[in-house]
Amino acid sequence: MAKTYDNKALIAHLSMFGACAGWGLMAPIGKDAMTHGFDGITMVTFRVVGACLLFWLASLFAPKEDVPRRDKLMFIGAALFGLVCNQCCYTMGLSITSPINASIVTTSMPIFAMILAAIILKEPITSKKALGVLMGCSGALILILTSAAHADGKVGDIRGDLLCLFAQFSFALYLSLFNPLIRRYNVFTINKYMFSWGALMLLPFTFCHVTEVLAQPIPTKTWWEVAYVVCIGTFLGYILTMIGQRTLRPTVVSVYNYVQPIVSVAASLLMGIGVLKPTHALAVILVFSGVWLVTKSKSRKDMEAEKKKVTN
């Protein structure tokens, strides 16, 4: 039994790493697309509607599950916080701020997740967990700020930063409120309903604007970048995230957000727009040490089991 759980945990951790690595590349790729033909509203509409179609197609080959009406309605709330508010705010924020600033803001999500998990799920804030979040946040900030010091005057926008910040809060709220719902169904069932509700919420407000944008000539490169955002950053990213969420606690899931800025900076180094400094190595050690500490911290179930053992 223990070996089975260890295998599940390993798959969950690898899934979360893969999802966040894909999202890390999505910031510079999506930003480039939104400066060459697309805008924030069009991008987020393509993300939600495109992924919705892909999940319905994939669900045809997945095991069929009976979803009660109550849960179908609960997916409305999950779609609102996990998709519409999260993706709209992040994509719109990214369109008006720099990818570096957007990456810095993603490090706030584990803080929100830890606080909300403590309030909603009654998860304890242990000293190990708090230290892990602090270390991860410090490492990510060191990494990005070091790279920002070598950028050529690319400055963010406070409006975009605030939108990206609210996106992190929204996703942390989704993780805490809908964790039990996510664990009940397979990833394709969850996402086909979430993205369907998300598309229904978005399209009435964005359809006319999107058709106007698409009427203009759009470079082929931009279409490839949009395809990456929809297929890898959204479709595959949400599949991997759901696999991780089914096994890992919300706080552990959220700490993997620190992988995103690492990937963003690594991509910059490979593209020749960043400089490798000793502080990068320090940042990577801090980030992964933070993930390890939060992973090893005790959950509420662990503490209750220990208390019960001592009582008996």
# chains A, B, ... in the order shown; residues from 1 in each chain; ligands from 1
>>> residues_around(residues="region 171-183 of chain A", least_positions_apart="5", cutoff="8 Å", atoms="only C-alpha atoms", output="list in words")
Asp71, Ala78, Phe81, Gly82, Leu83, Asn86, Met109, Pro110, Phe112, Ala113, Leu116, Ala117, Ile120, Leu121, Ile190, Met242, Gln245, Arg246, Pro250 and Ser254 of chain A
>>> select_by_dssp(residues="region 8-196 of chain A", states="helix (DSSP H, G or I)", output="PyMOL selection string")
chain A and resi 8-33+40-59+69-96+99-106+109-120+127-148+158-177+179-184+187-196
>>> closest_residue(among="A:Trp197, A:Tyr258, A:Tyr90, A:Phe188", to="Leu162 (chain A)", atoms="only C-alpha atoms")
A:Tyr90
>>> atom_distance(atom1="CA of Ile111 (chain A)", atom2="CA of Leu94 (chain A)")
20.7 Å
